[in-house]
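start.txt (compact mmCIF, C-alpha atoms (C1' of nucleotides)) appears below.
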# COMPACT_ATOMS: atom_id res chain seq x y z
CA MET A 30 32.52 -38.17 24.90
CA THR A 31 28.94 -37.16 24.68
CA ILE A 32 26.52 -39.24 26.67
CA PHE A 33 23.14 -39.52 25.04
CA PRO A 34 20.17 -40.14 27.31
CA SER A 35 18.36 -43.32 26.49
CA LEU A 36 15.19 -42.95 24.49
CA PRO A 37 11.90 -44.23 25.82
CA SER A 38 11.12 -47.67 24.51
CA VAL A 39 9.09 -47.78 21.35
CA GLY A 40 5.46 -48.01 22.24
CA ASP A 41 5.73 -46.07 25.48
CA VAL A 42 3.89 -42.92 24.54
CA GLY A 43 2.73 -41.96 27.99
CA SER A 44 -0.94 -41.22 28.22
CA SER A 45 -1.34 -40.34 24.54
CA GLN A 46 -2.91 -42.68 22.07
CA ILE A 47 -1.58 -43.75 18.71
CA VAL A 48 -4.09 -42.90 16.05
CA GLU A 49 -4.18 -43.23 12.32
CA VAL A 50 -2.75 -40.34 10.33
CA PRO A 51 -5.74 -38.06 9.86
CA THR A 52 -6.97 -37.38 6.36
CA LEU A 53 -6.97 -33.90 4.85
CA GLU A 54 -10.75 -33.84 5.20
CA GLU A 55 -10.51 -34.68 8.89
CA LEU A 56 -8.09 -31.79 9.29
CA GLY A 57 -10.67 -29.44 7.87
CA TYR A 58 -9.38 -29.17 4.32
CA VAL A 59 -12.56 -29.79 2.41
CA ASP A 60 -13.27 -29.05 -1.20
CA ILE A 61 -9.65 -28.54 -2.18
CA GLU A 62 -10.30 -29.87 -5.68
CA GLY A 63 -9.99 -27.10 -8.21
CA ASN A 64 -8.35 -24.77 -5.73
CA GLU A 65 -4.91 -23.39 -6.38
CA LEU A 66 -2.53 -25.58 -4.42
CA PRO A 67 0.41 -24.13 -2.55
CA PRO A 68 3.64 -24.56 -4.58
CA PHE A 69 5.46 -26.22 -1.69
CA ARG A 70 6.04 -29.94 -1.48
CA GLY A 71 7.46 -31.32 1.69
CA GLY A 72 10.67 -33.16 2.38
CA GLU A 73 14.42 -32.96 2.22
CA SER A 74 14.71 -33.97 -1.44
CA GLU A 75 12.45 -31.14 -2.52
CA GLY A 76 14.24 -28.69 -0.22
CA LEU A 77 17.67 -29.66 -1.52
CA LYS A 78 16.43 -29.39 -5.08
CA ARG A 79 15.32 -25.82 -4.40
CA LEU A 80 18.59 -25.06 -2.66
CA ARG A 81 20.59 -26.34 -5.63
CA GLU A 82 18.47 -24.32 -8.04
CA ALA A 83 18.94 -21.14 -6.03
CA ILE A 84 22.66 -21.65 -5.49
CA SER A 85 23.40 -22.61 -9.11
CA ASN A 86 22.64 -19.08 -10.21
CA GLU A 87 25.85 -17.72 -8.77
CA LYS A 88 25.44 -14.24 -10.14
CA TRP A 89 22.02 -14.01 -8.51
CA VAL A 90 23.41 -15.24 -5.17
CA ALA A 91 26.37 -12.85 -5.29
CA THR A 92 24.28 -9.78 -6.13
CA PHE A 93 21.31 -10.58 -3.90
CA GLU A 94 19.99 -7.53 -2.03
CA LYS A 95 16.90 -8.18 0.01
CA PRO A 96 15.22 -4.77 -0.21
CA LYS A 97 15.38 -4.94 -4.00
CA GLY A 98 13.20 -7.99 -4.50
CA ASP A 99 9.85 -7.77 -6.26
CA PRO A 100 6.98 -8.61 -3.88
CA SER A 101 4.53 -8.98 -6.76
CA ALA A 102 6.50 -11.74 -8.48
CA PHE A 103 4.61 -14.99 -7.98
CA LEU A 104 5.20 -17.11 -11.08
CA ARG A 105 8.85 -17.00 -10.12
CA PRO A 106 9.21 -15.58 -6.60
CA ALA A 107 12.06 -13.14 -6.06
CA THR A 108 13.59 -15.01 -3.11
CA THR A 109 14.77 -18.59 -2.60
CA THR A 110 11.48 -19.76 -1.00
CA LEU A 111 13.59 -21.97 1.24
CA SER A 112 12.00 -20.66 4.45
CA PRO A 113 9.51 -23.54 4.88
CA TYR A 114 12.33 -26.05 4.46
CA LEU A 115 14.52 -24.26 6.97
CA LYS A 116 11.63 -23.96 9.41
CA PHE A 117 10.82 -27.69 9.32
CA GLY A 118 14.45 -28.73 9.27
CA CYS A 119 14.25 -30.24 5.78
CA VAL A 120 17.27 -28.15 4.80
CA SER A 121 20.14 -27.49 7.17
CA SER A 122 20.78 -23.79 7.76
CA ARG A 123 24.49 -24.60 8.17
CA TYR A 124 24.59 -26.36 4.82
CA PHE A 125 22.81 -23.42 3.20
CA TYR A 126 25.31 -21.07 4.85
CA GLN A 127 28.23 -23.12 3.51
CA CYS A 128 26.79 -23.18 0.00
CA ILE A 129 26.56 -19.38 0.02
CA GLN A 130 30.13 -19.10 1.32
CA ASP A 131 31.30 -21.34 -1.53
CA VAL A 132 29.63 -19.07 -4.05
CA TYR A 133 31.27 -16.03 -2.45
CA THR A 134 34.67 -17.74 -2.69
CA ARG A 135 34.23 -18.10 -6.42
CA ASN A 136 32.68 -14.64 -6.79
CA LYS A 137 34.84 -12.17 -4.91
CA LYS A 138 32.53 -9.28 -5.65
CA HIS A 139 29.32 -9.88 -3.72
CA THR A 140 26.87 -8.07 -1.49
CA SER A 141 27.31 -7.99 2.29
CA PRO A 142 25.12 -8.35 5.35
CA PRO A 143 22.59 -7.19 6.27
CA VAL A 144 21.17 -7.11 2.76
CA SER A 145 23.02 -10.09 1.24
CA LEU A 146 21.64 -13.60 1.01
CA LEU A 147 24.02 -14.68 3.76
CA GLY A 148 22.72 -11.75 5.77
CA GLN A 149 19.26 -13.29 5.71
CA LEU A 150 20.55 -16.31 7.59
CA LEU A 151 22.22 -13.98 10.07
CA TRP A 152 18.90 -12.22 10.65
CA ARG A 153 17.38 -15.59 11.45
CA ASP A 154 19.93 -16.14 14.19
CA PHE A 155 19.60 -12.55 15.33
CA PHE A 156 15.93 -13.11 16.11
CA TYR A 157 16.63 -16.45 17.81
CA THR A 158 19.21 -14.79 20.02
CA VAL A 159 17.21 -11.76 21.06
CA ALA A 160 14.07 -13.86 21.54
CA PHE A 161 15.98 -16.24 23.80
CA GLY A 162 17.29 -13.38 25.91
CA THR A 163 14.08 -11.37 26.20
CA PRO A 164 11.39 -12.34 28.72
CA ASN A 165 7.87 -12.10 27.27
CA PHE A 166 9.34 -11.65 23.79
CA ASP A 167 6.08 -12.67 22.11
CA GLN A 168 3.90 -10.06 23.79
CA MET A 169 3.85 -6.35 24.47
CA ARG A 170 3.17 -6.42 28.20
CA GLY A 171 6.18 -7.17 30.31
CA ASN A 172 8.47 -7.05 27.27
CA LYS A 173 11.33 -4.65 27.98
CA ILE A 174 12.29 -4.13 24.34
CA CYS A 175 8.72 -3.46 23.21
CA LYS A 176 7.18 0.01 23.10
CA GLN A 177 3.92 0.14 25.04
CA ILE A 178 1.33 1.35 22.56
CA PRO A 179 -2.46 1.68 23.01
CA TRP A 180 -3.38 -0.52 20.04
CA ASN A 181 -7.09 -0.94 19.54
CA ASP A 182 -8.80 -4.25 20.05
CA ASN A 183 -11.25 -4.07 17.17
CA ASP A 184 -12.22 -7.53 15.92
CA GLU A 185 -14.09 -6.14 12.92
CA LEU A 186 -10.97 -4.46 11.59
CA LEU A 187 -8.90 -7.56 12.29
CA THR A 188 -11.40 -9.84 10.56
CA ALA A 189 -11.63 -7.69 7.44
CA TRP A 190 -7.86 -7.71 7.19
CA ARG A 191 -7.55 -11.45 7.81
CA GLU A 192 -10.30 -12.31 5.33
CA ALA A 193 -8.85 -10.11 2.57
CA LYS A 194 -11.77 -7.67 2.63
CA THR A 195 -10.06 -4.36 3.32
CA GLY A 196 -11.07 -2.92 -0.05
CA TYR A 197 -7.44 -2.27 -0.96
CA PRO A 198 -6.66 -4.78 -3.73
CA TRP A 199 -2.92 -4.83 -3.05
CA ILE A 200 -3.53 -5.70 0.61
CA ASP A 201 -6.32 -8.18 -0.13
CA ALA A 202 -4.31 -9.94 -2.84
CA ILE A 203 -1.44 -10.45 -0.42
CA MET A 204 -3.77 -11.82 2.27
CA THR A 205 -5.29 -14.13 -0.34
CA GLN A 206 -1.86 -15.41 -1.28
CA LEU A 207 -1.30 -16.05 2.43
CA HIS A 208 -4.46 -18.15 2.59
CA LYS A 209 -3.75 -20.04 -0.63
CA TRP A 210 -0.01 -20.52 -0.48
CA GLY A 211 0.90 -20.00 3.16
CA TRP A 212 3.69 -17.84 1.83
CA MET A 213 4.24 -14.39 0.41
CA HIS A 214 7.26 -12.24 -0.34
CA HIS A 215 8.94 -10.51 2.56
CA LEU A 216 7.97 -7.02 1.37
CA ALA A 217 4.39 -8.13 0.85
CA ARG A 218 4.36 -9.21 4.49
CA HIS A 219 5.65 -5.76 5.37
CA CYS A 220 2.79 -4.09 3.52
CA VAL A 221 0.00 -6.02 5.24
CA ALA A 222 1.66 -5.87 8.68
CA CYS A 223 2.14 -2.12 8.40
CA PHE A 224 -1.45 -1.70 7.20
CA LEU A 225 -2.89 -3.68 10.13
CA THR A 226 -0.83 -1.94 12.81
CA ARG A 227 0.89 1.44 12.57
CA GLY A 228 -0.08 2.34 9.01
CA ASP A 229 -3.86 2.25 8.91
CA LEU A 230 -5.91 0.10 11.29
CA PHE A 231 -3.90 0.45 14.50
CA VAL A 232 -4.74 -3.12 15.51
CA HIS A 233 -2.43 -4.85 17.98
CA TRP A 234 0.59 -6.53 16.37
CA GLU A 235 -0.01 -9.65 18.49
CA LYS A 236 -3.29 -10.21 16.60
CA GLY A 237 -1.61 -10.05 13.23
CA ARG A 238 1.22 -12.21 14.51
CA ASP A 239 -1.31 -14.87 15.51
CA VAL A 240 -2.86 -14.87 12.04
CA PHE A 241 0.57 -15.27 10.44
CA GLU A 242 1.44 -17.97 12.95
CA ARG A 243 -1.61 -19.95 11.88
CA LEU A 244 -1.43 -19.39 8.13
CA LEU A 245 2.23 -19.13 7.17
CA ILE A 246 3.89 -22.36 6.15
CA ASP A 247 7.22 -20.97 7.36
CA SER A 248 6.04 -19.31 10.58
CA ASP A 249 8.67 -19.32 13.25
CA TRP A 250 8.07 -18.16 16.81
CA ALA A 251 11.05 -15.85 17.15
CA ILE A 252 11.19 -14.51 13.60
CA ASN A 253 7.46 -13.94 13.40
CA SER A 254 7.08 -11.99 16.65
CA GLY A 255 10.32 -10.13 16.01
CA ASN A 256 9.22 -8.95 12.61
CA TRP A 257 5.79 -7.91 13.86
CA MET A 258 7.45 -5.75 16.48
CA TRP A 259 9.70 -4.40 13.76
CA LEU A 260 6.91 -3.52 11.40
CA SER A 261 4.65 -2.05 14.08
CA CYS A 262 7.51 0.17 15.27
CA SER A 263 7.35 -1.53 18.65
CA SER A 264 11.01 -2.55 18.61
CA PHE A 265 14.11 -2.62 16.39
CA PHE A 266 12.66 -0.06 13.97
CA TYR A 267 11.15 3.26 14.98
CA GLN A 268 10.62 5.44 11.92
CA TYR A 269 6.87 5.43 12.13
CA ASN A 270 6.55 8.20 9.58
CA ARG A 271 7.65 5.75 6.90
CA ILE A 272 4.40 4.09 6.00
CA TYR A 273 3.83 1.76 3.08
CA SER A 274 1.14 3.03 0.77
CA PRO A 275 -1.43 0.29 0.06
CA ILE A 276 -1.81 1.90 -3.36
CA SER A 277 1.52 3.08 -4.68
CA PHE A 278 3.91 0.53 -3.18
CA GLY A 279 2.64 -2.39 -5.22
CA LYS A 280 2.07 -0.23 -8.27
CA LYS A 281 5.72 0.60 -8.68
CA TYR A 282 6.57 -3.10 -9.09
CA ASP A 283 3.49 -4.22 -10.94
CA PRO A 284 1.81 -1.30 -12.75
CA ASN A 285 -0.52 -3.59 -14.66
CA GLY A 286 -1.75 -5.29 -11.49
CA ASN A 287 -1.04 -8.87 -12.64
CA TYR A 288 -0.52 -10.00 -9.05
CA ILE A 289 -3.90 -8.59 -8.03
CA ARG A 290 -5.62 -10.09 -11.09
CA HIS A 291 -4.24 -13.50 -10.21
CA PHE A 292 -5.15 -13.60 -6.54
CA LEU A 293 -8.33 -11.51 -6.78
CA PRO A 294 -9.90 -12.71 -10.04
CA ILE A 295 -12.99 -10.59 -9.36
CA LEU A 296 -10.81 -7.64 -10.39
CA LYS A 297 -9.23 -9.31 -13.40
CA ASP A 298 -10.98 -7.10 -15.93
CA MET A 299 -10.50 -3.83 -14.07
CA PRO A 300 -8.42 -1.43 -16.21
CA LYS A 301 -4.95 -0.92 -14.87
CA GLU A 302 -5.65 2.78 -14.27
CA TYR A 303 -8.06 1.77 -11.51
CA ILE A 304 -6.95 -1.63 -10.29
CA TYR A 305 -5.12 -0.33 -7.21
CA GLU A 306 -8.01 2.05 -6.38
CA PRO A 307 -11.09 0.45 -7.94
CA TRP A 308 -13.49 2.66 -5.95
CA THR A 309 -12.35 5.58 -8.09
CA ALA A 310 -13.44 3.89 -11.30
CA PRO A 311 -16.56 5.39 -12.91
CA LEU A 312 -19.61 3.14 -12.61
CA SER A 313 -19.52 2.49 -16.35
CA VAL A 314 -16.01 1.11 -16.01
CA GLN A 315 -17.01 -1.01 -13.00
CA THR A 316 -19.97 -2.38 -14.95
CA LYS A 317 -17.84 -3.25 -17.95
CA ALA A 318 -15.29 -4.95 -15.68
CA LYS A 319 -18.14 -6.91 -14.05
CA CYS A 320 -17.06 -5.70 -10.64
CA ILE A 321 -19.21 -3.21 -8.77
CA ILE A 322 -17.40 -1.74 -5.82
CA GLY A 323 -19.43 -2.14 -2.66
CA LYS A 324 -21.18 -5.19 -4.11
CA ASP A 325 -18.72 -7.54 -5.83
CA TYR A 326 -15.66 -6.16 -4.08
CA PRO A 327 -15.65 -4.07 -0.88
CA LYS A 328 -15.17 -0.35 -0.61
CA PRO A 329 -11.96 0.63 1.17
CA MET A 330 -12.50 0.21 4.90
CA VAL A 331 -10.54 3.36 5.75
CA SER A 332 -9.15 6.32 3.90
CA HIS A 333 -5.42 5.70 3.85
CA ASP A 334 -4.61 9.41 3.92
CA SER A 335 -6.52 10.18 7.09
CA ALA A 336 -5.97 6.80 8.76
CA SER A 337 -2.21 6.97 8.32
CA LYS A 338 -2.15 10.54 9.64
CA ASP A 339 -4.05 9.44 12.73
CA CYS A 340 -1.71 6.50 13.21
CA LYS A 341 1.34 8.76 13.10
CA GLN A 342 -0.25 11.04 15.66
CA LYS A 343 -1.03 8.08 17.94
CA LEU A 344 2.48 6.70 17.64
CA ALA A 345 3.95 10.11 18.44
CA ALA A 346 1.81 10.35 21.58
CA ALA A 347 2.62 6.78 22.62
CA TYR A 348 6.35 7.29 22.08
CA GLU A 349 6.18 10.45 24.14
CA LEU A 350 4.51 8.56 26.98
CA ASN A 351 7.07 5.74 26.83
CA LYS A 352 9.85 8.31 26.99
CA LYS A 353 8.28 10.20 29.87
CA LEU A 354 7.71 7.05 31.92
CA ASN A 355 11.02 5.54 30.90
CA GLY A 356 9.32 2.55 29.32
CA VAL A 357 7.39 1.65 32.48
CA VAL A 358 3.87 2.16 31.19
CA SER A 359 1.00 0.70 33.19
CA GLU A 360 -2.25 -0.71 31.90
CA GLU A 361 -3.97 2.38 33.29
CA ASP A 362 -1.52 4.77 31.59
CA LEU A 363 -2.34 3.17 28.25
CA LYS A 364 -6.08 3.36 28.88
CA VAL A 365 -5.86 7.05 29.67
CA LEU A 366 -3.88 7.69 26.51
CA GLN A 367 -6.27 5.61 24.44
CA ARG A 368 -9.24 7.63 25.63
CA LYS A 369 -7.44 10.84 24.85
CA LEU A 370 -6.53 9.64 21.35
CA ASP A 371 -9.98 8.30 20.57
CA ALA A 372 -11.28 11.79 21.14
CA THR A 373 -8.98 13.33 18.55
CA CYS A 374 -8.59 10.59 15.95
CA ASP A 375 -11.69 9.52 14.11
CA SER A 376 -10.74 7.97 10.80
CA VAL A 377 -10.95 4.35 11.89
CA LEU A 378 -14.22 4.80 13.73
CA ASN A 379 -15.74 6.76 10.86
CA PRO A 380 -14.42 5.13 7.71
CA VAL A 381 -13.64 6.28 4.28
CA HIS A 382 -15.91 9.23 3.60
CA SER A 383 -15.17 11.20 6.72
CA HIS A 384 -12.07 13.30 6.68
CA SER A 385 -9.81 14.05 9.57
CA SER A 386 -11.35 16.89 11.45
CA SER A 387 -9.54 19.81 12.95
CA GLY A 388 -9.02 17.59 15.97
CA ALA A 389 -6.37 15.72 14.01
CA LYS A 390 -3.92 18.55 14.19
CA ARG A 391 -0.49 17.64 15.37
CA GLN A 392 0.03 17.45 19.07
CA ARG A 393 2.54 19.71 20.64
CA ARG A 394 5.62 17.87 21.80
CA SER A 395 7.26 18.93 25.01
C1' DG B 19 24.71 17.73 23.40
C1' DT B 20 25.73 16.48 18.58
C1' DT B 21 26.21 13.49 14.90
C1' DG B 22 25.44 9.69 11.94
C1' DA B 23 23.49 5.30 10.80
C1' DG B 24 19.58 2.58 10.33
C1' DT B 25 18.30 -4.42 5.34
C1' DT B 26 13.24 -2.64 2.33
C1' DG B 27 8.76 5.10 2.34
C1' DG B 28 6.60 8.57 -0.58
C1' DA B 29 6.53 12.17 -3.86
C1' DT B 30 8.70 14.69 -7.31
C1' DA B 31 12.36 15.94 -10.23
C1' DT B 32 15.32 14.60 -14.07
C1' DA C 12 17.09 4.46 -12.66
C1' DT C 13 18.99 7.98 -9.51
C1' DA C 14 18.86 12.33 -6.76
C1' DT C 15 16.69 15.33 -3.58
C1' DC C 16 13.42 16.65 -0.43
C1' DC C 17 9.99 15.63 3.13
C1' DA C 18 9.53 14.53 8.13
C1' DA C 19 11.51 12.67 11.77
C1' DC C 20 12.18 8.14 14.96
C1' DT C 21 15.93 5.76 18.22
C1' DC C 22 20.25 4.39 19.56
C1' DA C 23 25.27 4.22 19.81
C1' DA C 24 29.37 6.71 19.45
C1' DC C 25 31.74 10.62 20.45

Could you render the structure from this file as structure tokens?
Amino acid sequence: MTIFPSLPSVGDVGSSQIVEVPTLEELGYVDIEGNELPPFRGGESEGLKRLREAISNEKWVATFEKPKGDPSAFLRPATTTLSPYLKFGCVSSRYFYQCIQDVYTRNKKHTSPPVSLLGQLLWRDFFYTVAFGTPNFDQMRGNKICKQIPWNDNDELLTAWREAKTGYPWIDAIMTQLHKWGWMHHLARHCVACFLTRGDLFVHWEKGRDVFERLLIDSDWAINSGNWMWLSCSSFFYQYNRIYSPISFGKKYDPNGNYIRHFLPILKDMPKEYIYEPWTAPLSVQTKAKCIIGKDYPKPMVSHDSASKDCKQKLAAAYELNKKLNGVVSEEDLKVLQRKLDATCDSVLNPVHSHSSSGAKRQRRS
DNA sequence: GTTGAGTTGGATAT
DNA sequence: ATATCCAACTCAAC
């Protein structure tokens, strides 16, 4: 027999005061008229409705494979979009699990974890479990499963990324969707997380994690930090040579750039030949599209080719140090490495027009 | 020490 | 759409 502790009497709220429910304006949401509203409505009824819709397409459930979704789909997102409802407890994860099992019973041929729809629920519990068992899970320092990497602490780079001003339309469109919807497709999250950390800007994953924590409607402490470590090659995943291209990754799903045109309307008239790299468009084309690069839309903040090369070199050096010191890397060790790397890698400090100098040649590994 | 797997890379070929 | 190469990591199993 379970004994439930008695609840405090109604009205006893300690030292806190009961106040009226604040208005949207008081919460800082001003001038929302005319803005695109997020497509999420709160509550269990809405969550169950979405669950039923997702589950009713049994063929879709049975053949679901996470890596195959289309991150540029926004009129009809490629996943269930149930994450906000799971996060707030509007939909029971166990009920969702059971619904998927029922579909599998009726459809013997179905995908399997980790890529299946059921697998996605397992990943959720995976992150809860490892986060529970790992001291300092949400930070790099003192976190045994986290590679110690000399990320830079550049607020300008972070701000440009957060404010959707990197100059890469695919990245900026995703960050705009984050601001407007509080949600984007899983692979879109991968692209911007990779870009901020190990792919281009080499900014600390904790900074990006904090931005997601604030802006995502489905942000979850364990899943968010876990995935940022994953994407930054700090833990779980280590193939740092696999970098998402901020140009070609989106293009292969959405060659016309409809996703970009929707979330970055300043680029809506840019011809599709240039929409992923508008800085390469001739001035006449920019003029006709009413979007001058450097004036109406920013120039790319880094050259992806040289920035990603530098990032790979930095990761290789950091991994080497972690290996040598058996994961016990001091603050001072990281500082020394950072100074060494700053001397050889220059793409982030000298943006787009500079090219990696001879100093960027690959370091010898011992 | 070697081998193979690892939810989601890119570029190029057909 | 699928195959192959590129470049190359860690970790577990043997």

Tell me, as a short mmCIF file (atom, residue, chain, number, x, y, z; two decimals) with C-alpha atoms, keeping the file's coordinate frame, which residues lie within 7 Å of stretch 101-104 of chain A, counting all atoms listed in the file; anything in the same chain fewer than 3 positions away does not count.
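Wrote result.cif, looks like this:
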data_model
loop_
_atom_site.label_atom_id
_atom_site.label_comp_id
_atom_site.auth_asym_id
_atom_site.auth_seq_id
_atom_site.Cartn_x
_atom_site.Cartn_y
_atom_site.Cartn_z
CA ALA A 107 12.06 -13.14 -6.06
CA TYR A 282 6.57 -3.10 -9.09
CA ASP A 283 3.49 -4.22 -10.94
CA TYR A 288 -0.52 -10.00 -9.05
#

Show which residues sit within 10 Å of C:DC16, as a PyMOL selection string. Count all atoms listed in the file, and ignore same-chain residues fewer than 3 positions away.
-> chain B and resi 29-31

Residues of chain A within 9 Å of chain C, using all atoms listed in the file, as a list of chain:residue names?
-> A:Phe265, A:Phe266, A:Tyr267, A:Gln268, A:Tyr269, A:Asn270

For chain B, report every residue with an atom at most 6 Å from chain A (counting all atoms listed in the file), formatted as JSON, numbers by chain.
-> {"B": [25, 26, 27]}

Judged by all atoms listed in the file, the minimum distance to A:Ile246 among A:Leu115, A:Ile84, A:Leu370, A:Leu186 is found for A:Leu115

May I ask for the distance between atom CA of A:Asp201 and atom CA of A:Leu293, given in Å to one decimal place?
->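 Atom-to-atom, atom CA of A:Asp201 and atom CA of A:Leu293 are spaced 7.7 Å apart.
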
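The space separating atom CA of A:Asn172 from atom CA of A:Asp249 comes to 18.6 Å.
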
Taking all atoms of stretch 16-20 of chain C that the file lists, what box with edges along x, y and z, padded by 8 Å per side, do you get, with centre and edge lengths in Å to one decimal, as lines of an AutoDock Vina configuration file?
center_x = 11.5
center_y = 12.4
center_z = 7.3
size_x = 19.9
size_y = 24.5
size_z = 31.4

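Shortest separation to A:Ala346 among A:Pro198, A:Pro113, A:Pro179, A:Pro164 occurs at residue A:Pro179, atoms counted being all atoms listed in the file.
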